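Note sheet for the following structure.
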Amino acid sequence: MSELSLVQAVNAALRRAMIDDSHVIVLGEDVAVDGGVFRATDGLLREFGTERVIDTPLAEAGIVGLSIGLAAQGMRPVAEIQFTGFMYTCMDQLLNHASRLRNRTRGRLNCPLVVRSPCGGGIRAVEHHSESPEAMFAHVPGLRVVIPSSAARAYGLLLAAIRDADPVVFLEPTRLYRAARDEIVDDGTSLPLDKAFNLRSGTDATLIAWGALVHESLAVAAELASEGISVEVIDVATLKPLDTETILASVAKTGRCVIVHEAPLTAGFGAEIAARLAEEGLSSLLAPIVRVAGYDTVMPLPRLEHHYLPDTRRIAAAVRRVLAYR
Amino acid sequence: MSELSLVQAVNAALRRAMIDDSHVIVLGEDVAVDGGVFRATDGLLREFGTERVIDTPLAEAGIVGLSIGLAAQGMRPVAEIQFTGFMYTCMDQLLNHASRLRNRTRGRLNCPLVVRSPCGGGIRAVEHHSESPEAMFAHVPGLRVVIPSSAARAYGLLLAAIRDADPVVFLEPTRLYRAARDEIVDDGTSLPLDKAFNLRSGTDATLIAWGALVHESLAVAAELASEGISVEVIDVATLKPLDTETILASVAKTGRCVIVHEAPLTAGFGAEIAARLAEEGLSSLLAPIVRVAGYDTVMPLPRLEHHYLPDTRRIAAAVRRVLAYR
Amino acid sequence: MRQNSSWWVSPGPLRDSWEAATSIIARFEIEHLQCLDAEGLPVGQLPAFAEDREALLAMYRAMVLARTFDAKAVSLQRTGRLGTYASALGQEAVSVGTASAMRSEDVFLPSFREHGGQLVRGVTLVELFLFWGGDERGNVFAGPRHDFPVSIPVGSHAPHAVGVALAMKLRREPRAAVAVIGDGATSKGDVYEALNFAGVWRTPVIFVINNNRWAISVPVEKQTASRTLAQKAIAAGIEGLQVDGNDVIAVRAAVERGLERARGGGGAAWIEAVTYRLGDHTTADDASRYRDDALVSPHWHDEPIARLRRHLVHRGMLQKNDEESLLEDCRSAVEAAANEYMATPPQDPLSMFDHLFAVSPADLKRQREAFAATMTVTTSPRSTR
Amino acid sequence: MRQNSSWWVSPGPLRDSWEAATSIIARFEIEHLQCLDAEGLPVGQLPAFAEDREALLAMYRAMVLARTFDAKAVSLQRTGRLGTYASALGQEAVSVGTASAMRSEDVFLPSFREHGGQLVRGVTLVELFLFWGGDERGNVFAGPRHDFPVSIPVGSHAPHAVGVALAMKLRREPRAAVAVIGDGATSKGDVYEALNFAGVWRTPVIFVINNNRWAISVPVEKQTASRTLAQKAIAAGIEGLQVDGNDVIAVRAAVERGLERARGGGGAAWIEAVTYRLGDHTTADDASRYRDDALVSPHWHDEPIARLRRHLVHRGMLQKNDEESLLEDCRSAVEAAANEYMATPPQDPLSMFDHLFAVSPADLKRQREAFAATMTVTTSPRSTR
Ligand SMILES: Cc1ncc(C[n+]2csc(CCOP(=O)(O)OP(=O)(O)O)c2C)c(N)n1
Ligand SMILES: Cc1ncc(C[n+]2csc(CCOP(=O)(O)OP(=O)(O)O)c2C)c(N)n1
Ligand SMILES: [Mg+2]
Ligand SMILES: [Mg+2]
């Protein structure tokens, strides 16, 4: 048992998966000798050698495309895309092939592929290094989409993703890479890929979030607790398949719901959660749902970035708003 | 005034725009000599010559990428992507550049670009020729997304899209290319890019749809009218920016809402509409919202395709369901 | 030191005609291989397999079978009993020559115009009909279990081939992957990325370019300024070769040599096979809109089946009655398969939910149940053809 | 007819050593251009512009200014006053040589490491600081209004350059587009697609490859098996050339020639400039993790500023006091710009809503209003640096 940061937990899960299954290989730009620009793959080259930890040329579509070929041949590729902003070129391969190979061949071929990528803003990076495109991936039938918000969940969910028989997009919030830490027993225990995490129970309102903003949400819940307001916080770390039950059960209890995400509001994944509530939980709703999300603008460059990112102030205001509604 | 099919209306709008503005050029695979695989660009080469109607090599990302360069230089490119299933490779250029060039340069450079592409299923085509990825584009700040459902709206909206100073993704339902027909006066009158079309007014329920399924929705409304049920039908042809007002006003009146789309349910654009209702129209809702959408599966190959596509039966059942709710 | 090289002299006006201090640092040549001339006469010594009458007849039969399938598929489409179909008329040598060079444990990754090669690989006629009839079971391939299904997004399977080959290489298996792509596909970035990966990692992968000179309405001259498609290999440091794609012996010889090198650790190869698309792009296309018959007709003289026939006849390897029974075999095989295809009931519609995941998520199961409920409501399923 | 060509013989075991009937159908050569050797001595005759002391001194000054900016930017980053920054240390000749060859009406499309070229084009030091300081106003470019901002997604601006060039060609303007990309970028599909478009349409576009031999931790030998990056042009039927990228005279000469051809209708060019990345990839990188200093240090001898200085001194074009005042000029210009940058207040946060569309949609206006309301609630804006 040792305290690991989220990026160290990713590293530990990769290592564990590689020890357990010789078919697991890691590939991507700068993942081998450099150990990844965030060090997520640090030390793997030394331990597993150049045939299992592979530095690739600079070509993201190709990386995902060839990983599909590897996977169809029974390998378990874990591809790193250096930043999520460079994953859009992989959309074609992910959507037209990775997610469909099993269905297209009625199960004859399949694609046990994990594409890992650091996502989200708040690290004062240059443009394209702060993206949150999870809703796009979640719209694709045949893909699973995971965004851990703690080191422990990163460890357990990444292991599950690698062991899963189908393609998983695994987005890692850069803002938490070093900030989120947990005591982790590196014993290979995975977490289910279809269960949301109820992180704090409460009775007055439900706060639903994923990725880095889970922490802001927890902070708001703690803050409001001091005022006697009891907020339930759900981390939808496995966005797809969505665990609607946990969400419905919580809102059935609280009657009020705020959904928080960093991606632009319109057609963000928050919409899907709100829609499910409007379909299956309407009678529980005592107040309109409020989404606290990125604006429908481009994330500003670092000097104004913090104005774009949902923060505890906006989240707390939203919770107060749903509570005030009568 | 003459009766035109939707694809002929597209053709007429392109021609009109090219007559009006010498900066408008049309480019894409097979658009010139062949006149487009659906004949959307038929006759343009003869009328406007090889410098304004350009057959490109087979490279969709490149087509959109170079169109951005053309647009930044003051041209008005209208690029055709032969099928929407081949637009995923353009995601990077659309999202990382087309939609951002103006913002990135604080307006110094801009990108008046239209990307046209035939979308949707129901034409018994091979895989990848039946896609409905509108939600992905609608999630991108800086893009407009349009899907006409009639010849007249195709004409007016395409003209508006070409004249707009910013990038527009213009999706044309293949199923309607020949099936939808209107009397059209080819006088260059455009339609606003931010207004939903209220196609049939009603008082008992609101049916919201876009693209080919607008027709199924109208058919259902007509069918139910014979039973004395009054259904309002809204065509959200301009998905982004979304005309929330028209939707809220309708649901304020009817209290019941069914949203219909062909794309897979999860994180489809129907979710956004449902979310807005759950946020801003909750008190109007007398019944849970119902979405009738594609399943979260890959659209089957032609032999089973019709089982996937939402049809009048499913839509009617949904309307009856929202009406039955007390 | 040189001067007046092409860089400094042409084209465009020559202004700075100073003696540029250039040296030549790399030279490349592109070769063209032909084994049979247009009349079917050998050009030089033939490769070893061409001594084997059975081998040649097998290829001849495969080409005839492919063409017979093709004609049947087009006629079924015309009468509404098959979906949009891409005929391979005139290009059978590329496909058959390529697949004939492969071993069964290799992996074939075809584009949508390689029916002949797929048949050689062991895909059945019924599977082909099912696929083109819009039925996923056509991709199940009882025969070549590891072969890829047809790739519809042009060129997008090129990187898959590199991945397949990399898996083979990492496992030290003497196998290789073979991808066929069109001339149009060579313009796509994913194909280039694949080529570059294959070069730098020396993966055992062969790219065969079916240069049928057209990408729908776009002739190859408007597709690229590169004089040959073979020379595109130079960009990735790979050996490129052009072969006469109407010469099935040459195609097979080149691919065999490529495979042999690949299995021996020599890495990837890129083979341009020059042929001609004699028919429409697909049944949805009308080529008369963009090319004159006069342009096409000379190419009928070069078509690969006639060429091999002339060769076989010339060598006394094919008698008139051999040929008649071969044709009859092919015809009846195709008819039988077409009938079997048409008699195959559609899949259970619920199957559309059952193959997305190894284990269906709860959400999808619920959608399946909802769909099943609507199914039982319907009295009779709508006709599916 | 030939035999024993590389295709048939090597590498891998030679089995089918029959006399393959191949003929050579295309030949290519790649040239390398150098005007100054490492010691700064002329190699052959120099191009015309090199007779002009002012022209050489302007390039010298631009390289020194770029390096001075670079050092300041790194130091501001280290002290938290600038964002992640990509130093161009050692690669100034590529950037400056390229931009010096351009006319103001041409369009420059830089990657993120071409500060020198941007300065030559008229982008101000303050704009560069603003951009790297995370402020969009750094892309407004009071000077070169049509130049593109830095492209962060590697290589993704290559197709833009083709579009810009196509616009120029369609309007029959004697202008050209110049894109600079890295060695790593040459692996990307969009770059290849752009190159192919440029070839087939003969657009007036010059691609300059800043081959600094590294893409973060990946050396160019692991990026591609092509022996030169220049030869990638062959895939698109474009003339390719390699130049000594530490020789600013050679870079400028090559780009000037390319531009002249392009303006004369000769189409695109692809120029590999071989240089070396002497520093870390960016301020976020630690190159010691993946390369030894011993690998880097020899390259210090080749660096471009020292080379041009030796040349100028050799020709008596640069005196000690010229140089001191030039250095002082650069230093004070950079200091002044840094101070102006640091004194520039951040943009109004509302600006994030104002530049997405020519006319903001109602929806976005509402978001802007909601944001404005939260702003007024805040008493004091958080520090932005
Ligand atoms: C990525 C992509 N873009 C467009 C299409 C539509 N399309 C189908 S075939 C074809 C032309 C292909 O030309 P080529 O690669 O030469 O193959 P051929 O059809 O000649 O065999 C096009 C444009 C497609 N299937 N995939
Ligand atoms: C498409 C894309 N993938 C990955 C990155 C992350 N990244 C930034 S620079 C770089 C290496 C670029 O190498 P090269 O093209 O040689 O340019 P250099 O940095 O050496 O100037 C990488 C991988 C990126 N910016 N864009
Ligand atoms: Mg072709
Ligand atoms: Mg580099």
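Identifiers in this document derive from the order of the structure tokens: chains are assigned A, B, ..., residues are numbered from 1 separately in each chain, and ligands are numbered from 1 in order of occurrence.
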
*Find the residues near ligand 1. Use a cut-off of 9 Å, count only C-alpha atoms and all ligand atoms, and write them as a ChimeraX atom specification.*
/B:29-30,57-60,81-83,85-87,89,128-129 /C:86-88,111-114,151-156,181-188,209-220,223,276-277,281-282

If you keep C-alpha atoms, can you produce a file of those selected residues as a tab-separated table (two decimals), in the first residue's frame?
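Saved to out_19.tsv:
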chain	number	residue	atom	x	y	z
B	29	GLU	CA	-14.79	14.43	-54.80
B	30	ASP	CA	-16.66	13.97	-58.09
B	57	PRO	CA	-8.28	14.07	-54.88
B	58	LEU	CA	-9.74	11.59	-52.43
B	59	ALA	CA	-8.79	13.11	-49.08
B	60	GLU	CA	-11.51	14.53	-46.90
B	81	ILE	CA	-17.97	15.44	-48.35
B	82	GLN	CA	-19.42	12.61	-50.37
B	83	PHE	CA	-21.06	10.92	-47.39
B	85	GLY	CA	-19.54	8.72	-42.79
B	86	PHE	CA	-16.38	10.13	-44.32
B	87	MET	CA	-16.54	13.36	-42.38
B	89	THR	CA	-11.52	12.45	-40.68
B	128	HIS	CA	-20.90	4.30	-43.44
B	129	HIS	CA	-23.39	5.81	-45.89
C	86	ALA	CA	-18.85	-2.59	-56.94
C	87	SER	CA	-17.91	-4.60	-59.98
C	88	ALA	CA	-14.29	-5.65	-60.44
C	111	SER	CA	-10.94	-2.90	-50.31
C	112	PHE	CA	-14.46	-3.29	-51.69
C	113	ARG	CA	-13.37	-4.42	-55.14
C	114	GLU	CA	-11.39	-7.54	-54.35
C	151	SER	CA	-13.24	-1.73	-45.86
C	152	ILE	CA	-15.68	0.87	-47.13
C	153	PRO	CA	-13.98	4.08	-46.00
C	154	VAL	CA	-11.36	4.27	-48.69
C	155	GLY	CA	-7.87	3.39	-47.49
C	156	SER	CA	-8.83	3.28	-43.82
C	181	ILE	CA	-6.25	-0.27	-51.82
C	182	GLY	CA	-7.25	1.75	-54.87
C	183	ASP	CA	-5.44	4.49	-56.74
C	184	GLY	CA	-7.77	7.02	-55.14
C	185	ALA	CA	-6.87	5.69	-51.72
C	186	THR	CA	-3.24	6.66	-52.24
C	187	SER	CA	-4.28	10.28	-51.70
C	188	LYS	CA	-5.45	9.59	-48.18
C	209	ILE	CA	-2.44	-0.71	-55.14
C	210	ASN	CA	-5.21	-1.62	-57.53
C	211	ASN	CA	-4.56	1.26	-59.91
C	212	ASN	CA	-7.64	0.93	-62.07
C	213	ARG	CA	-7.00	4.51	-63.17
C	214	TRP	CA	-10.24	5.90	-61.79
C	215	ALA	CA	-11.65	6.91	-58.44
C	216	ILE	CA	-15.28	7.16	-59.44
C	217	SER	CA	-15.06	10.04	-61.95
C	218	VAL	CA	-11.58	11.21	-61.08
C	219	PRO	CA	-8.81	9.83	-63.29
C	220	VAL	CA	-5.52	9.05	-61.61
C	223	GLN	CA	-5.53	12.30	-58.21
C	276	TYR	CA	-8.26	-0.58	-65.77
C	277	ARG	CA	-11.78	-0.26	-64.48
C	281	HIS	CA	-17.68	2.51	-60.41
C	282	THR	CA	-20.61	0.73	-58.79

Those in region 157-359 of chain D with strand (DSSP E or B) from DSSP, as a PDB file with N, CA, C and O atoms, in the first residue's frame:
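Result written to selection_21.pdb:
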ATOM      1  N   ALA D 177       2.243  30.910 -50.652  1.00  0.00           N
ATOM      2  CA  ALA D 177       2.126  30.558 -49.238  1.00  0.00           C
ATOM      3  C   ALA D 177       3.342  29.744 -48.828  1.00  0.00           C
ATOM      4  O   ALA D 177       3.863  28.958 -49.618  1.00  0.00           O
ATOM      5  N   VAL D 178       3.800  29.970 -47.616  1.00  0.00           N
ATOM      6  CA  VAL D 178       4.958  29.239 -47.112  1.00  0.00           C
ATOM      7  C   VAL D 178       4.608  28.651 -45.748  1.00  0.00           C
ATOM      8  O   VAL D 178       4.317  29.394 -44.809  1.00  0.00           O
ATOM      9  N   ALA D 179       4.617  27.336 -45.659  1.00  0.00           N
ATOM     10  CA  ALA D 179       4.335  26.671 -44.387  1.00  0.00           C
ATOM     11  C   ALA D 179       5.619  26.051 -43.858  1.00  0.00           C
ATOM     12  O   ALA D 179       6.391  25.474 -44.617  1.00  0.00           O
ATOM     13  N   VAL D 180       5.840  26.200 -42.571  1.00  0.00           N
ATOM     14  CA  VAL D 180       6.968  25.509 -41.947  1.00  0.00           C
ATOM     15  C   VAL D 180       6.417  24.417 -41.038  1.00  0.00           C
ATOM     16  O   VAL D 180       5.504  24.663 -40.251  1.00  0.00           O
ATOM     17  N   ILE D 181       6.941  23.223 -41.191  1.00  0.00           N
ATOM     18  CA  ILE D 181       6.544  22.112 -40.324  1.00  0.00           C
ATOM     19  C   ILE D 181       7.802  21.411 -39.821  1.00  0.00           C
ATOM     20  O   ILE D 181       8.892  21.608 -40.355  1.00  0.00           O
ATOM     21  N   GLY D 182       7.634  20.603 -38.807  1.00  0.00           N
ATOM     22  CA  GLY D 182       8.784  19.899 -38.240  1.00  0.00           C
ATOM     23  C   GLY D 182       9.015  18.545 -38.886  1.00  0.00           C
ATOM     24  O   GLY D 182       8.211  18.080 -39.700  1.00  0.00           O
ATOM     25  N   VAL D 205       2.858  27.027 -53.326  1.00  0.00           N
ATOM     26  CA  VAL D 205       3.078  26.825 -51.893  1.00  0.00           C
ATOM     27  C   VAL D 205       4.441  26.182 -51.687  1.00  0.00           C
ATOM     28  O   VAL D 205       4.842  25.302 -52.443  1.00  0.00           O
ATOM     29  N   ILE D 206       5.142  26.684 -50.674  1.00  0.00           N
ATOM     30  CA  ILE D 206       6.433  26.104 -50.317  1.00  0.00           C
ATOM     31  C   ILE D 206       6.297  25.490 -48.933  1.00  0.00           C
ATOM     32  O   ILE D 206       5.851  26.164 -47.998  1.00  0.00           O
ATOM     33  N   PHE D 207       6.642  24.239 -48.827  1.00  0.00           N
ATOM     34  CA  PHE D 207       6.711  23.603 -47.520  1.00  0.00           C
ATOM     35  C   PHE D 207       8.175  23.578 -47.096  1.00  0.00           C
ATOM     36  O   PHE D 207       9.016  23.074 -47.838  1.00  0.00           O
ATOM     37  N   VAL D 208       8.435  24.137 -45.945  1.00  0.00           N
ATOM     38  CA  VAL D 208       9.798  24.073 -45.419  1.00  0.00           C
ATOM     39  C   VAL D 208       9.770  23.151 -44.210  1.00  0.00           C
ATOM     40  O   VAL D 208       8.967  23.341 -43.291  1.00  0.00           O
ATOM     41  N   ILE D 209      10.616  22.136 -44.253  1.00  0.00           N
ATOM     42  CA  ILE D 209      10.659  21.188 -43.142  1.00  0.00           C
ATOM     43  C   ILE D 209      11.806  21.558 -42.232  1.00  0.00           C
ATOM     44  O   ILE D 209      12.970  21.466 -42.623  1.00  0.00           O
ATOM     45  N   ASN D 210      11.455  22.005 -41.043  1.00  0.00           N
ATOM     46  CA  ASN D 210      12.483  22.259 -40.035  1.00  0.00           C
ATOM     47  C   ASN D 210      12.858  20.907 -39.437  1.00  0.00           C
ATOM     48  O   ASN D 210      12.236  20.439 -38.490  1.00  0.00           O
ATOM     49  N   ASN D 211      13.851  20.275 -40.052  1.00  0.00           N
ATOM     50  CA  ASN D 211      14.290  18.970 -39.543  1.00  0.00           C
ATOM     51  C   ASN D 211      15.320  19.191 -38.452  1.00  0.00           C
ATOM     52  O   ASN D 211      16.526  19.202 -38.699  1.00  0.00           O
ATOM     53  N   TRP D 214      14.515  15.932 -34.011  1.00  0.00           N
ATOM     54  CA  TRP D 214      13.780  15.389 -32.875  1.00  0.00           C
ATOM     55  C   TRP D 214      12.320  15.818 -32.926  1.00  0.00           C
ATOM     56  O   TRP D 214      12.026  16.949 -33.314  1.00  0.00           O
ATOM     57  N   ALA D 215      11.466  14.938 -32.525  1.00  0.00           N
ATOM     58  CA  ALA D 215      10.071  15.265 -32.254  1.00  0.00           C
ATOM     59  C   ALA D 215       9.887  14.897 -30.784  1.00  0.00           C
ATOM     60  O   ALA D 215       9.722  13.725 -30.444  1.00  0.00           O
ATOM     61  N   VAL D 218      11.544  11.645 -29.823  1.00  0.00           N
ATOM     62  CA  VAL D 218      11.684  10.681 -30.922  1.00  0.00           C
ATOM     63  C   VAL D 218      12.637  11.227 -31.988  1.00  0.00           C
ATOM     64  O   VAL D 218      12.348  12.242 -32.619  1.00  0.00           O
ATOM     65  N   PRO D 219      13.767  10.578 -32.167  1.00  0.00           N
ATOM     66  CA  PRO D 219      14.704  11.043 -33.191  1.00  0.00           C
ATOM     67  C   PRO D 219      14.156  10.744 -34.588  1.00  0.00           C
ATOM     68  O   PRO D 219      13.355   9.826 -34.751  1.00  0.00           O
ATOM     69  N   GLU D 239       8.951  18.620 -56.661  1.00  0.00           N
ATOM     70  CA  GLU D 239      10.398  18.721 -56.545  1.00  0.00           C
ATOM     71  C   GLU D 239      10.759  18.853 -55.060  1.00  0.00           C
ATOM     72  O   GLU D 239      10.214  19.712 -54.369  1.00  0.00           O
ATOM     73  N   GLY D 240      11.649  18.020 -54.577  1.00  0.00           N
ATOM     74  CA  GLY D 240      12.117  18.114 -53.201  1.00  0.00           C
ATOM     75  C   GLY D 240      13.583  18.469 -53.166  1.00  0.00           C
ATOM     76  O   GLY D 240      14.327  18.157 -54.098  1.00  0.00           O
ATOM     77  N   LEU D 241      13.995  19.133 -52.123  1.00  0.00           N
ATOM     78  CA  LEU D 241      15.389  19.548 -52.005  1.00  0.00           C
ATOM     79  C   LEU D 241      15.771  19.505 -50.536  1.00  0.00           C
ATOM     80  O   LEU D 241      14.952  19.818 -49.675  1.00  0.00           O
ATOM     81  N   GLN D 242      17.008  19.133 -50.268  1.00  0.00           N
ATOM     82  CA  GLN D 242      17.498  19.243 -48.901  1.00  0.00           C
ATOM     83  C   GLN D 242      18.498  20.388 -48.835  1.00  0.00           C
ATOM     84  O   GLN D 242      19.333  20.522 -49.745  1.00  0.00           O
ATOM     85  N   VAL D 243      18.379  21.204 -47.804  1.00  0.00           N
ATOM     86  CA  VAL D 243      19.386  22.255 -47.633  1.00  0.00           C
ATOM     87  C   VAL D 243      19.999  22.125 -46.248  1.00  0.00           C
ATOM     88  O   VAL D 243      19.418  21.537 -45.343  1.00  0.00           O
ATOM     89  N   ASP D 244      21.167  22.694 -46.135  1.00  0.00           N
ATOM     90  CA  ASP D 244      21.806  22.791 -44.828  1.00  0.00           C
ATOM     91  C   ASP D 244      21.038  23.853 -44.047  1.00  0.00           C
ATOM     92  O   ASP D 244      21.106  25.042 -44.351  1.00  0.00           O
ATOM     93  N   ALA D 269       6.834  23.440 -53.847  1.00  0.00           N
ATOM     94  CA  ALA D 269       8.160  22.900 -53.541  1.00  0.00           C
ATOM     95  C   ALA D 269       8.184  22.438 -52.092  1.00  0.00           C
ATOM     96  O   ALA D 269       7.402  22.909 -51.257  1.00  0.00           O
ATOM     97  N   TRP D 270       9.091  21.545 -51.830  1.00  0.00           N
ATOM     98  CA  TRP D 270       9.199  20.891 -50.522  1.00  0.00           C
ATOM     99  C   TRP D 270      10.671  20.916 -50.163  1.00  0.00           C
ATOM    100  O   TRP D 270      11.490  20.283 -50.841  1.00  0.00           O
ATOM    101  N   ILE D 271      11.028  21.672 -49.159  1.00  0.00           N
ATOM    102  CA  ILE D 271      12.439  21.895 -48.840  1.00  0.00           C
ATOM    103  C   ILE D 271      12.740  21.414 -47.432  1.00  0.00           C
ATOM    104  O   ILE D 271      12.200  21.933 -46.455  1.00  0.00           O
ATOM    105  N   GLU D 272      13.583  20.432 -47.338  1.00  0.00           N
ATOM    106  CA  GLU D 272      14.012  19.954 -46.021  1.00  0.00           C
ATOM    107  C   GLU D 272      15.236  20.742 -45.576  1.00  0.00           C
ATOM    108  O   GLU D 272      16.252  20.740 -46.273  1.00  0.00           O
ATOM    109  N   ALA D 273      15.123  21.382 -44.440  1.00  0.00           N
ATOM    110  CA  ALA D 273      16.257  22.127 -43.893  1.00  0.00           C
ATOM    111  C   ALA D 273      16.775  21.382 -42.675  1.00  0.00           C
ATOM    112  O   ALA D 273      16.084  21.306 -41.650  1.00  0.00           O
ATOM    113  N   VAL D 274      17.970  20.854 -42.791  1.00  0.00           N
ATOM    114  CA  VAL D 274      18.498  20.015 -41.714  1.00  0.00           C
ATOM    115  C   VAL D 274      19.220  20.869 -40.685  1.00  0.00           C
ATOM    116  O   VAL D 274      20.216  21.543 -40.995  1.00  0.00           O
TER     117      VAL D 274
END

_Contacts of Asp147 (chain D) within 9 Å, only C-alpha atoms, excl. fewer than 3 positions in-chain, as number ranges by chain_ = B: 109; D: 106-110, 118, 121, 141, 143-144

What would the file look like if the residues just selected were written as a PDB file, in the first residue's frame with C-alpha atoms?
ATOM      1  CA  LEU B 109      -8.783  35.898 -39.964  1.00  0.00           C
TER       2      LEU B 109
ATOM      3  CA  ASP D 106       3.081  36.234 -49.380  1.00  0.00           C
ATOM      4  CA  VAL D 107       1.512  34.329 -46.500  1.00  0.00           C
ATOM      5  CA  PHE D 108       3.504  32.616 -43.765  1.00  0.00           C
ATOM      6  CA  LEU D 109       2.019  29.624 -41.911  1.00  0.00           C
ATOM      7  CA  PRO D 110       4.395  28.783 -39.095  1.00  0.00           C
ATOM      8  CA  GLN D 118       7.549  35.596 -37.556  1.00  0.00           C
ATOM      9  CA  ARG D 121       7.527  38.931 -41.260  1.00  0.00           C
ATOM     10  CA  PHE D 141      -0.519  40.711 -36.016  1.00  0.00           C
ATOM     11  CA  GLY D 143       2.005  43.683 -39.364  1.00  0.00           C
ATOM     12  CA  PRO D 144       1.436  40.677 -41.589  1.00  0.00           C
TER      13      PRO D 144
END

_Check: which chain B residues lie within 7 Å of chain A using only C-alpha atoms, as a list of chain:residue names_ =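 Putting it all together, I get B:Tyr88, B:Thr89, B:Met91, B:Asp92, B:Ala135, B:Met136, B:Ala138, B:His139, B:Pro141, B:Gly142, B:Pro264, B:Thr266, B:Ala267, B:Gly268, B:Phe269, B:Ala271, B:Glu272, B:Ala274, B:Ala275, B:Ala278, B:Glu279, B:Glu280, B:Leu282, B:Pro288, B:Ile289, B:Val290, B:Asp296, B:Thr297, B:Val298.
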
*Taking only C-alpha atoms into account, report as a count of residues only which residues of chain C lie within 7 Å of chain D.*
53
